[in-house]
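See structure below.
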Amino acid sequence: MANQNFLPIAIDIANQKILIVGGGQSAYSKLKILQRHNAEVEILAIDVCDEIKNSGVKYMQAPYHKSYLKDYLMLYSCSNNAELDRQIEKDCREEKVLVNIHDKPSRCQFVSPAIYRHGNISVAVSSNGENVYESIRIRNLIKDKLQLED
């Protein structure tokens with residue numbers, strides 16, 4: 001697949017339904033980020049970690065099926081299962097649900113940038129999903145610079 005060329009946009013996800021498939025630590029990390037933006041996040045996984053169970057978010061302990069996609073704006077797959085991820089990607093594209101496969105930018109319709117927010121100002125740094133740690137490093141440099149000027 002050709003290199004991805006993601007358009008950096010800001011999207012209001014407040015009160016939007018977002019599904020995370022997977023119930024481990026990657027899913028929990030994504031959940032914490034999405035909760036900061038007041039999204040209506042739900043988890044779908046056979047096994048769900050205690051942190052998710054104790055987070056207050058709705059979770060369904062069940063295997064993935066395409067029928068779960070109804071009414072979701074986007075889906076993050078944190079399943080760590082290549083076969084399942086291929087099916088999720090296919091289903092989401094068919095159902096017009098934006099899809100992100102964790103750590104697989106070539107399978108994603110969107111990626112999440114490293115974000116720094118101060119008041120009404122947001123700075124997002126992205127590497128088209130190629131180098132998350134470099135994006136975080138640059139975001140932190142920007143954050144440090146802006147904090148010095150406050």
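Residue names in the structure tokens use chain letters A, B, ... in the order shown, residue numbers from 1 in each chain, and ligand numbers from 1 in the order shown.
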
List the spatial neighbours of A:Cys78 as a PDB file with all heavy atoms, in the first residue's frame - criterion: any atom at most 8 Å away, only C-alpha atoms, same-chain residues fewer than 2 positions off excluded.
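Saved to around_2.pdb:
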```pdb
ATOM      1  N   ILE A  20     -14.388   1.004  20.745  1.00  0.00           N
ATOM      2  CA  ILE A  20     -13.046   0.428  20.824  1.00  0.00           C
ATOM      3  C   ILE A  20     -13.216  -1.075  20.897  1.00  0.00           C
ATOM      4  O   ILE A  20     -13.915  -1.590  21.777  1.00  0.00           O
ATOM      5  CB  ILE A  20     -12.275   0.924  22.066  1.00  0.00           C
ATOM      6  CG1 ILE A  20     -12.091   2.447  22.021  1.00  0.00           C
ATOM      7  CG2 ILE A  20     -10.925   0.215  22.167  1.00  0.00           C
ATOM      8  CD1 ILE A  20     -11.471   3.035  23.278  1.00  0.00           C
ATOM      9  N   VAL A  21     -12.596  -1.773  19.957  1.00  0.00           N
ATOM     10  CA  VAL A  21     -12.602  -3.236  19.975  1.00  0.00           C
ATOM     11  C   VAL A  21     -11.294  -3.679  20.600  1.00  0.00           C
ATOM     12  O   VAL A  21     -10.216  -3.339  20.106  1.00  0.00           O
ATOM     13  CB  VAL A  21     -12.767  -3.823  18.557  1.00  0.00           C
ATOM     14  CG1 VAL A  21     -12.679  -5.352  18.599  1.00  0.00           C
ATOM     15  CG2 VAL A  21     -14.098  -3.383  17.948  1.00  0.00           C
ATOM     16  N   GLY A  22     -11.399  -4.398  21.677  1.00  0.00           N
ATOM     17  CA  GLY A  22     -10.236  -4.837  22.444  1.00  0.00           C
ATOM     18  C   GLY A  22     -10.398  -4.371  23.876  1.00  0.00           C
ATOM     19  O   GLY A  22     -10.946  -3.288  24.121  1.00  0.00           O
ATOM     20  N   GLY A  23      -9.917  -5.176  24.802  1.00  0.00           N
ATOM     21  CA  GLY A  23     -10.134  -4.845  26.204  1.00  0.00           C
ATOM     22  C   GLY A  23      -8.882  -4.805  27.042  1.00  0.00           C
ATOM     23  O   GLY A  23      -8.957  -4.845  28.272  1.00  0.00           O
ATOM     24  N   GLY A  24      -7.716  -4.672  26.411  1.00  0.00           N
ATOM     25  CA  GLY A  24      -6.452  -4.657  27.142  1.00  0.00           C
ATOM     26  C   GLY A  24      -5.936  -3.254  27.404  1.00  0.00           C
ATOM     27  O   GLY A  24      -6.678  -2.264  27.335  1.00  0.00           O
ATOM     28  N   SER A  26      -3.852  -1.328  25.668  1.00  0.00           N
ATOM     29  CA  SER A  26      -3.903  -0.399  24.530  1.00  0.00           C
ATOM     30  C   SER A  26      -5.284   0.231  24.430  1.00  0.00           C
ATOM     31  O   SER A  26      -5.420   1.431  24.185  1.00  0.00           O
ATOM     32  CB  SER A  26      -3.570  -1.111  23.227  1.00  0.00           C
ATOM     33  OG  SER A  26      -2.252  -1.579  23.230  1.00  0.00           O
ATOM     34  N   ALA A  27      -6.312  -0.579  24.614  1.00  0.00           N
ATOM     35  CA  ALA A  27      -7.688  -0.074  24.579  1.00  0.00           C
ATOM     36  C   ALA A  27      -7.922   0.899  25.726  1.00  0.00           C
ATOM     37  O   ALA A  27      -8.553   1.953  25.550  1.00  0.00           O
ATOM     38  CB  ALA A  27      -8.678  -1.234  24.646  1.00  0.00           C
ATOM     39  N   TYR A  76     -11.868   2.296  16.937  1.00  0.00           N
ATOM     40  CA  TYR A  76     -10.458   2.016  17.145  1.00  0.00           C
ATOM     41  C   TYR A  76     -10.348   0.523  17.439  1.00  0.00           C
ATOM     42  O   TYR A  76     -10.986   0.028  18.370  1.00  0.00           O
ATOM     43  CB  TYR A  76      -9.912   2.766  18.364  1.00  0.00           C
ATOM     44  CG  TYR A  76      -9.741   4.245  18.173  1.00  0.00           C
ATOM     45  CD1 TYR A  76     -10.784   5.123  18.423  1.00  0.00           C
ATOM     46  CD2 TYR A  76      -8.514   4.766  17.775  1.00  0.00           C
ATOM     47  CE1 TYR A  76     -10.622   6.488  18.273  1.00  0.00           C
ATOM     48  CE2 TYR A  76      -8.340   6.136  17.626  1.00  0.00           C
ATOM     49  CZ  TYR A  76      -9.403   6.990  17.873  1.00  0.00           C
ATOM     50  OH  TYR A  76      -9.230   8.339  17.732  1.00  0.00           O
ATOM     51  N   ASN A  80      -5.115  -6.534  18.583  1.00  0.00           N
ATOM     52  CA  ASN A  80      -3.859  -7.273  18.423  1.00  0.00           C
ATOM     53  C   ASN A  80      -4.074  -8.616  17.727  1.00  0.00           C
ATOM     54  O   ASN A  80      -3.388  -9.595  18.001  1.00  0.00           O
ATOM     55  CB  ASN A  80      -3.148  -7.474  19.776  1.00  0.00           C
ATOM     56  CG  ASN A  80      -2.755  -6.163  20.387  1.00  0.00           C
ATOM     57  OD1 ASN A  80      -2.245  -5.285  19.712  1.00  0.00           O
ATOM     58  ND2 ASN A  80      -3.025  -6.003  21.674  1.00  0.00           N
ATOM     59  N   ILE A 101      -6.785   1.144  13.025  1.00  0.00           N
ATOM     60  CA  ILE A 101      -6.248  -0.115  13.518  1.00  0.00           C
ATOM     61  C   ILE A 101      -4.959   0.211  14.261  1.00  0.00           C
ATOM     62  O   ILE A 101      -4.005   0.728  13.675  1.00  0.00           O
ATOM     63  CB  ILE A 101      -5.968  -1.112  12.363  1.00  0.00           C
ATOM     64  CG1 ILE A 101      -7.216  -1.316  11.480  1.00  0.00           C
ATOM     65  CG2 ILE A 101      -5.441  -2.434  12.916  1.00  0.00           C
ATOM     66  CD1 ILE A 101      -8.412  -1.933  12.162  1.00  0.00           C
ATOM     67  N   HIS A 102      -4.927  -0.068  15.546  1.00  0.00           N
ATOM     68  CA  HIS A 102      -3.812   0.291  16.427  1.00  0.00           C
ATOM     69  C   HIS A 102      -2.476  -0.163  15.843  1.00  0.00           C
ATOM     70  O   HIS A 102      -2.295  -1.335  15.501  1.00  0.00           O
ATOM     71  CB  HIS A 102      -4.044  -0.347  17.801  1.00  0.00           C
ATOM     72  CG  HIS A 102      -2.974  -0.041  18.797  1.00  0.00           C
ATOM     73  ND1 HIS A 102      -2.799   1.209  19.338  1.00  0.00           N
ATOM     74  CD2 HIS A 102      -2.020  -0.822  19.347  1.00  0.00           C
ATOM     75  CE1 HIS A 102      -1.801   1.180  20.179  1.00  0.00           C
ATOM     76  NE2 HIS A 102      -1.304  -0.039  20.201  1.00  0.00           N
TER      77      HIS A 102
END
```

| request: Would you return as JSON, numbers by chain the members of chain A that DSSP assigns to strand (DSSP E) on this structure's backbone? | output: {"A": [17, 18, 19, 20, 21, 40, 41, 42, 43, 44, 45, 58, 59, 60, 61, 74, 75, 76, 77, 98, 99, 100, 101, 114, 115, 116, 117, 118, 121, 122, 123, 124, 125]}

What's around A:Leu146 at 12 Å? Count only C-alpha atoms, leave out sequence neighbours fewer than 3 positions away in its own chain, and write the answer as a PDB file with all heavy atoms, in the first residue's frame.
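Written output follows (out.pdb):
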```
ATOM      1  N   TYR A 116      -1.243  18.772  22.299  1.00  0.00           N
ATOM      2  CA  TYR A 116      -1.027  19.639  23.451  1.00  0.00           C
ATOM      3  C   TYR A 116      -2.142  20.674  23.416  1.00  0.00           C
ATOM      4  O   TYR A 116      -2.372  21.320  22.401  1.00  0.00           O
ATOM      5  CB  TYR A 116       0.336  20.336  23.403  1.00  0.00           C
ATOM      6  CG  TYR A 116       0.456  21.432  24.438  1.00  0.00           C
ATOM      7  CD1 TYR A 116       0.434  21.138  25.793  1.00  0.00           C
ATOM      8  CD2 TYR A 116       0.552  22.757  24.056  1.00  0.00           C
ATOM      9  CE1 TYR A 116       0.527  22.140  26.743  1.00  0.00           C
ATOM     10  CE2 TYR A 116       0.648  23.765  25.002  1.00  0.00           C
ATOM     11  CZ  TYR A 116       0.627  23.448  26.348  1.00  0.00           C
ATOM     12  OH  TYR A 116       0.706  24.441  27.283  1.00  0.00           O
ATOM     13  N   ARG A 117      -2.836  20.810  24.524  1.00  0.00           N
ATOM     14  CA  ARG A 117      -3.931  21.772  24.607  1.00  0.00           C
ATOM     15  C   ARG A 117      -3.682  22.720  25.758  1.00  0.00           C
ATOM     16  O   ARG A 117      -3.344  22.302  26.870  1.00  0.00           O
ATOM     17  CB  ARG A 117      -5.256  21.051  24.803  1.00  0.00           C
ATOM     18  CG  ARG A 117      -6.418  22.021  24.984  1.00  0.00           C
ATOM     19  CD  ARG A 117      -7.743  21.330  25.011  1.00  0.00           C
ATOM     20  NE  ARG A 117      -8.117  21.168  23.607  1.00  0.00           N
ATOM     21  CZ  ARG A 117      -8.976  20.293  23.162  1.00  0.00           C
ATOM     22  NH1 ARG A 117      -9.551  19.461  23.983  1.00  0.00           N
ATOM     23  NH2 ARG A 117      -9.279  20.228  21.884  1.00  0.00           N
ATOM     24  N   HIS A 118      -3.852  24.011  25.467  1.00  0.00           N
ATOM     25  CA  HIS A 118      -3.733  25.051  26.483  1.00  0.00           C
ATOM     26  C   HIS A 118      -4.869  26.035  26.222  1.00  0.00           C
ATOM     27  O   HIS A 118      -4.846  26.750  25.221  1.00  0.00           O
ATOM     28  CB  HIS A 118      -2.366  25.741  26.387  1.00  0.00           C
ATOM     29  CG  HIS A 118      -2.169  26.797  27.438  1.00  0.00           C
ATOM     30  ND1 HIS A 118      -1.861  26.489  28.740  1.00  0.00           N
ATOM     31  CD2 HIS A 118      -2.237  28.145  27.370  1.00  0.00           C
ATOM     32  CE1 HIS A 118      -1.742  27.603  29.427  1.00  0.00           C
ATOM     33  NE2 HIS A 118      -1.979  28.624  28.625  1.00  0.00           N
ATOM     34  N   GLY A 119      -5.859  26.027  27.101  1.00  0.00           N
ATOM     35  CA  GLY A 119      -7.032  26.880  26.876  1.00  0.00           C
ATOM     36  C   GLY A 119      -7.721  26.484  25.580  1.00  0.00           C
ATOM     37  O   GLY A 119      -8.022  25.316  25.370  1.00  0.00           O
ATOM     38  N   ILE A 121      -6.363  26.770  22.641  1.00  0.00           N
ATOM     39  CA  ILE A 121      -5.352  26.465  21.631  1.00  0.00           C
ATOM     40  C   ILE A 121      -4.985  24.986  21.715  1.00  0.00           C
ATOM     41  O   ILE A 121      -4.668  24.463  22.783  1.00  0.00           O
ATOM     42  CB  ILE A 121      -4.077  27.322  21.834  1.00  0.00           C
ATOM     43  CG1 ILE A 121      -4.405  28.807  21.758  1.00  0.00           C
ATOM     44  CG2 ILE A 121      -2.994  26.926  20.835  1.00  0.00           C
ATOM     45  CD1 ILE A 121      -4.955  29.260  20.420  1.00  0.00           C
ATOM     46  N   SER A 122      -5.034  24.336  20.566  1.00  0.00           N
ATOM     47  CA  SER A 122      -4.596  22.945  20.461  1.00  0.00           C
ATOM     48  C   SER A 122      -3.494  22.853  19.418  1.00  0.00           C
ATOM     49  O   SER A 122      -3.603  23.446  18.345  1.00  0.00           O
ATOM     50  CB  SER A 122      -5.745  22.028  20.026  1.00  0.00           C
ATOM     51  OG  SER A 122      -6.739  21.981  21.002  1.00  0.00           O
ATOM     52  N   VAL A 123      -2.457  22.123  19.754  1.00  0.00           N
ATOM     53  CA  VAL A 123      -1.373  21.855  18.817  1.00  0.00           C
ATOM     54  C   VAL A 123      -1.327  20.345  18.632  1.00  0.00           C
ATOM     55  O   VAL A 123      -1.231  19.595  19.602  1.00  0.00           O
ATOM     56  CB  VAL A 123      -0.018  22.368  19.351  1.00  0.00           C
ATOM     57  CG1 VAL A 123       1.104  22.002  18.393  1.00  0.00           C
ATOM     58  CG2 VAL A 123      -0.063  23.869  19.592  1.00  0.00           C
ATOM     59  N   ARG A 139       5.870  17.270  19.995  1.00  0.00           N
ATOM     60  CA  ARG A 139       4.763  17.874  20.751  1.00  0.00           C
ATOM     61  C   ARG A 139       5.256  18.381  22.100  1.00  0.00           C
ATOM     62  O   ARG A 139       4.914  19.484  22.528  1.00  0.00           O
ATOM     63  CB  ARG A 139       3.654  16.838  20.944  1.00  0.00           C
ATOM     64  CG  ARG A 139       2.373  17.325  21.626  1.00  0.00           C
ATOM     65  CD  ARG A 139       2.170  17.019  23.094  1.00  0.00           C
ATOM     66  NE  ARG A 139       2.832  15.925  23.702  1.00  0.00           N
ATOM     67  CZ  ARG A 139       2.259  14.763  24.023  1.00  0.00           C
ATOM     68  NH1 ARG A 139       0.997  14.529  23.729  1.00  0.00           N
ATOM     69  NH2 ARG A 139       2.947  13.833  24.646  1.00  0.00           N
ATOM     70  N   ASN A 140       6.090  17.597  22.761  1.00  0.00           N
ATOM     71  CA  ASN A 140       6.612  17.996  24.067  1.00  0.00           C
ATOM     72  C   ASN A 140       7.547  19.199  23.967  1.00  0.00           C
ATOM     73  O   ASN A 140       7.557  20.049  24.860  1.00  0.00           O
ATOM     74  CB  ASN A 140       7.292  16.820  24.751  1.00  0.00           C
ATOM     75  CG  ASN A 140       6.292  15.779  25.219  1.00  0.00           C
ATOM     76  OD1 ASN A 140       5.089  16.051  25.314  1.00  0.00           O
ATOM     77  ND2 ASN A 140       6.776  14.578  25.479  1.00  0.00           N
ATOM     78  N   LEU A 141       8.324  19.283  22.901  1.00  0.00           N
ATOM     79  CA  LEU A 141       9.170  20.466  22.687  1.00  0.00           C
ATOM     80  C   LEU A 141       8.294  21.721  22.535  1.00  0.00           C
ATOM     81  O   LEU A 141       8.599  22.771  23.110  1.00  0.00           O
ATOM     82  CB  LEU A 141      10.040  20.292  21.443  1.00  0.00           C
ATOM     83  CG  LEU A 141      11.193  19.305  21.535  1.00  0.00           C
ATOM     84  CD1 LEU A 141      11.834  19.104  20.154  1.00  0.00           C
ATOM     85  CD2 LEU A 141      12.220  19.783  22.546  1.00  0.00           C
ATOM     86  N   ILE A 142       7.242  21.606  21.769  1.00  0.00           N
ATOM     87  CA  ILE A 142       6.313  22.722  21.585  1.00  0.00           C
ATOM     88  C   ILE A 142       5.653  23.083  22.916  1.00  0.00           C
ATOM     89  O   ILE A 142       5.574  24.260  23.283  1.00  0.00           O
ATOM     90  CB  ILE A 142       5.251  22.383  20.509  1.00  0.00           C
ATOM     91  CG1 ILE A 142       5.924  22.250  19.142  1.00  0.00           C
ATOM     92  CG2 ILE A 142       4.131  23.427  20.493  1.00  0.00           C
ATOM     93  CD1 ILE A 142       5.041  21.631  18.079  1.00  0.00           C
ATOM     94  N   LYS A 143       5.213  22.080  23.626  1.00  0.00           N
ATOM     95  CA  LYS A 143       4.589  22.293  24.932  1.00  0.00           C
ATOM     96  C   LYS A 143       5.544  23.030  25.877  1.00  0.00           C
ATOM     97  O   LYS A 143       5.164  24.010  26.513  1.00  0.00           O
ATOM     98  CB  LYS A 143       4.202  20.945  25.526  1.00  0.00           C
ATOM     99  CG  LYS A 143       3.666  20.990  26.937  1.00  0.00           C
ATOM    100  CD  LYS A 143       3.387  19.580  27.430  1.00  0.00           C
ATOM    101  CE  LYS A 143       3.064  19.566  28.891  1.00  0.00           C
ATOM    102  NZ  LYS A 143       2.896  18.198  29.412  1.00  0.00           N
ATOM    103  N   GLU A 149       6.633  30.637  27.798  1.00  0.00           N
ATOM    104  CA  GLU A 149       6.155  31.959  27.415  1.00  0.00           C
ATOM    105  C   GLU A 149       4.934  32.400  28.202  1.00  0.00           C
ATOM    106  O   GLU A 149       4.514  33.542  28.084  1.00  0.00           O
ATOM    107  CB  GLU A 149       5.846  31.982  25.900  1.00  0.00           C
ATOM    108  CG  GLU A 149       7.108  31.797  25.070  1.00  0.00           C
ATOM    109  CD  GLU A 149       6.841  31.748  23.591  1.00  0.00           C
ATOM    110  OE1 GLU A 149       5.671  31.856  23.180  1.00  0.00           O
ATOM    111  OE2 GLU A 149       7.816  31.612  22.839  1.00  0.00           O
ATOM    112  N   ASP A 150       4.350  31.535  28.993  1.00  0.00           N
ATOM    113  CA  ASP A 150       3.163  31.899  29.785  1.00  0.00           C
ATOM    114  C   ASP A 150       3.493  32.874  30.886  1.00  0.00           C
ATOM    115  O   ASP A 150       4.509  32.998  31.420  1.00  0.00           O
ATOM    116  CB  ASP A 150       2.535  30.649  30.410  1.00  0.00           C
ATOM    117  CG  ASP A 150       1.692  29.892  29.401  1.00  0.00           C
ATOM    118  OD1 ASP A 150       1.380  30.456  28.346  1.00  0.00           O
ATOM    119  OD2 ASP A 150       1.357  28.724  29.701  1.00  0.00           O
TER     120      ASP A 150
END
```

| Using the chain letters and numbers from this document, which residues of chain A does DSSP assign to alpha helix (DSSP H), as JSON, numbers by chain? | {"A": [25, 26, 27, 28, 29, 30, 31, 32, 33, 34, 35, 50, 51, 52, 53, 82, 83, 84, 85, 86, 87, 88, 89, 90, 91, 92, 93, 94, 95, 132, 133, 134, 135, 136, 137, 138, 139, 140, 141, 142, 143, 144, 145, 146, 147, 148]}

Next, dump the selected residues to file, keeping only N, CA and C atoms, as a CSV table (one decimal), in the first residue's frame.
```
chain,number,residue,atom,x,y,z
A,25,GLN,N,-4.6,-3.2,27.7
A,25,GLN,CA,-4.0,-1.9,28.1
A,25,GLN,C,-4.0,-0.9,26.9
A,26,SER,N,-3.9,-1.3,25.7
A,26,SER,CA,-3.9,-0.4,24.5
A,26,SER,C,-5.3,0.2,24.4
A,27,ALA,N,-6.3,-0.6,24.6
A,27,ALA,CA,-7.7,-0.1,24.6
A,27,ALA,C,-7.9,0.9,25.7
A,28,TYR,N,-7.4,0.6,26.9
A,28,TYR,CA,-7.6,1.5,28.1
A,28,TYR,C,-6.9,2.8,27.8
A,29,SER,N,-5.7,2.8,27.3
A,29,SER,CA,-5.0,4.0,27.0
A,29,SER,C,-5.8,4.9,26.0
A,30,LYS,N,-6.3,4.3,25.0
A,30,LYS,CA,-7.1,5.0,24.0
A,30,LYS,C,-8.4,5.6,24.7
A,31,LEU,N,-9.0,4.8,25.5
A,31,LEU,CA,-10.2,5.2,26.2
A,31,LEU,C,-9.9,6.5,27.0
A,32,LYS,N,-8.8,6.5,27.8
A,32,LYS,CA,-8.5,7.7,28.6
A,32,LYS,C,-8.4,8.9,27.7
A,33,ILE,N,-7.7,8.8,26.6
A,33,ILE,CA,-7.6,10.0,25.7
A,33,ILE,C,-9.0,10.4,25.2
A,34,LEU,N,-9.8,9.5,24.7
A,34,LEU,CA,-11.1,9.9,24.2
A,34,LEU,C,-12.0,10.5,25.3
A,35,GLN,N,-11.9,10.0,26.5
A,35,GLN,CA,-12.7,10.5,27.6
A,35,GLN,C,-12.4,12.0,27.8
A,50,ASP,N,-9.3,-4.9,34.2
A,50,ASP,CA,-10.0,-4.3,35.3
A,50,ASP,C,-10.1,-2.8,35.2
A,51,GLU,N,-9.0,-2.2,34.6
A,51,GLU,CA,-9.1,-0.7,34.5
A,51,GLU,C,-10.3,-0.2,33.7
A,52,ILE,N,-10.6,-1.0,32.6
A,52,ILE,CA,-11.8,-0.6,31.8
A,52,ILE,C,-13.0,-0.9,32.6
A,53,LYS,N,-13.1,-2.1,33.2
A,53,LYS,CA,-14.3,-2.4,34.0
A,53,LYS,C,-14.5,-1.4,35.1
A,82,ALA,N,-4.5,-9.8,13.8
A,82,ALA,CA,-4.4,-9.4,12.4
A,82,ALA,C,-5.6,-9.8,11.6
A,83,GLU,N,-6.1,-11.0,11.8
A,83,GLU,CA,-7.3,-11.5,11.0
A,83,GLU,C,-8.5,-10.7,11.4
A,84,LEU,N,-8.7,-10.5,12.6
A,84,LEU,CA,-9.9,-9.7,13.1
A,84,LEU,C,-9.8,-8.3,12.6
A,85,ASP,N,-8.6,-7.7,12.7
A,85,ASP,CA,-8.4,-6.3,12.2
A,85,ASP,C,-8.7,-6.2,10.7
A,86,ARG,N,-8.3,-7.1,9.9
A,86,ARG,CA,-8.7,-7.1,8.5
A,86,ARG,C,-10.2,-7.1,8.3
A,87,GLN,N,-10.9,-7.9,9.1
A,87,GLN,CA,-12.4,-7.9,9.0
A,87,GLN,C,-13.0,-6.6,9.5
A,88,ILE,N,-12.5,-6.1,10.6
A,88,ILE,CA,-13.0,-4.8,11.1
A,88,ILE,C,-12.8,-3.7,10.1
A,89,GLU,N,-11.6,-3.7,9.5
A,89,GLU,CA,-11.3,-2.6,8.5
A,89,GLU,C,-12.3,-2.7,7.3
A,90,LYS,N,-12.5,-3.9,6.8
A,90,LYS,CA,-13.4,-4.1,5.7
A,90,LYS,C,-14.9,-3.7,6.1
A,91,ASP,N,-15.3,-4.2,7.3
A,91,ASP,CA,-16.7,-3.9,7.7
A,91,ASP,C,-16.9,-2.4,7.9
A,92,CYS,N,-15.9,-1.7,8.5
A,92,CYS,CA,-16.0,-0.3,8.8
A,92,CYS,C,-16.1,0.5,7.5
A,93,ARG,N,-15.3,0.2,6.6
A,93,ARG,CA,-15.3,0.9,5.3
A,93,ARG,C,-16.7,0.7,4.6
A,94,GLU,N,-17.2,-0.5,4.6
A,94,GLU,CA,-18.5,-0.8,4.0
A,94,GLU,C,-19.6,0.0,4.7
A,95,GLU,N,-19.5,0.1,6.0
A,95,GLU,CA,-20.6,0.7,6.9
A,95,GLU,C,-20.4,2.2,7.1
A,132,VAL,N,5.3,7.5,16.0
A,132,VAL,CA,4.5,8.1,17.1
A,132,VAL,C,5.4,8.7,18.1
A,133,TYR,N,6.5,8.1,18.4
A,133,TYR,CA,7.4,8.6,19.5
A,133,TYR,C,8.1,9.9,19.1
A,134,GLU,N,8.3,10.1,17.8
A,134,GLU,CA,8.9,11.4,17.3
A,134,GLU,C,7.8,12.5,17.4
A,135,SER,N,6.6,12.1,17.0
A,135,SER,CA,5.5,13.1,17.2
A,135,SER,C,5.3,13.5,18.6
A,136,ILE,N,5.4,12.6,19.5
A,136,ILE,CA,5.3,12.9,21.0
A,136,ILE,C,6.5,13.8,21.4
A,137,ARG,N,7.7,13.5,20.9
A,137,ARG,CA,8.8,14.3,21.3
A,137,ARG,C,8.7,15.7,20.8
A,138,ILE,N,8.3,15.9,19.6
A,138,ILE,CA,8.1,17.3,19.0
A,138,ILE,C,6.9,18.0,19.7
A,139,ARG,N,5.9,17.3,20.0
A,139,ARG,CA,4.8,17.9,20.8
A,139,ARG,C,5.3,18.4,22.1
A,140,ASN,N,6.1,17.6,22.8
A,140,ASN,CA,6.6,18.0,24.1
A,140,ASN,C,7.5,19.2,24.0
A,141,LEU,N,8.3,19.3,22.9
A,141,LEU,CA,9.2,20.5,22.7
A,141,LEU,C,8.3,21.7,22.5
A,142,ILE,N,7.2,21.6,21.8
A,142,ILE,CA,6.3,22.7,21.6
A,142,ILE,C,5.7,23.1,22.9
A,143,LYS,N,5.2,22.1,23.6
A,143,LYS,CA,4.6,22.3,24.9
A,143,LYS,C,5.5,23.0,25.9
A,144,ASP,N,6.8,22.6,25.9
A,144,ASP,CA,7.8,23.2,26.8
A,144,ASP,C,8.0,24.7,26.4
A,145,LYS,N,8.1,24.9,25.1
A,145,LYS,CA,8.3,26.3,24.6
A,145,LYS,C,7.1,27.2,25.0
A,146,LEU,N,5.9,26.7,24.8
A,146,LEU,CA,4.7,27.5,25.0
A,146,LEU,C,4.6,27.7,26.5
A,147,GLN,N,4.9,26.8,27.4
A,147,GLN,CA,4.8,27.0,28.8
A,147,GLN,C,5.8,28.0,29.3
A,148,LEU,N,7.0,28.1,28.7
A,148,LEU,CA,8.0,29.0,29.1
A,148,LEU,C,7.5,30.5,28.8
```

| task | Would you work out the distance separating atom CA of A:Ala124 from atom CA of A:Asp71, expressed in Å to one decimal? | result |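 Atom-to-atom, atom CA of A:Ala124 to atom CA of A:Asp71, that is 27.2 Å.
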
| field | For A:Pro8: contacts at 12 Å, only C-alpha atoms, fewer than 5 positions along chain excluded, given as a PyMOL selection string | value | chain A and resi 109-115+123-129

| message | Between atom CA of A:Lys96 and atom CA of A:Val57, what is the distance in Å, rounded to a tenth? | response | 24.1 Å

| query | Given the choices A:Met74, A:Leu44, A:Cys49, A:Ala39, which gets closest to A:Gln61 if the distance is worked out from only C-alpha atoms? | reply |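 That would be A:Leu44, the residue with the smallest distance to A:Gln61.
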
| request: Take atom CA of A:Leu69 and atom CA of A:Lys17 and report the distance between them in Å, one decimal. | output: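 Separating atom CA of A:Leu69 from atom CA of A:Lys17 is a distance of 10.0 Å.
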
| message | Can you pull out the residues contacting A:Lys58? Cut-off 8 Å, using only C-alpha atoms, and skip same-chain residues under 4 positions away; I want them as a list of chain:residue names. | response | A:Val41, A:Glu42, A:Ile43
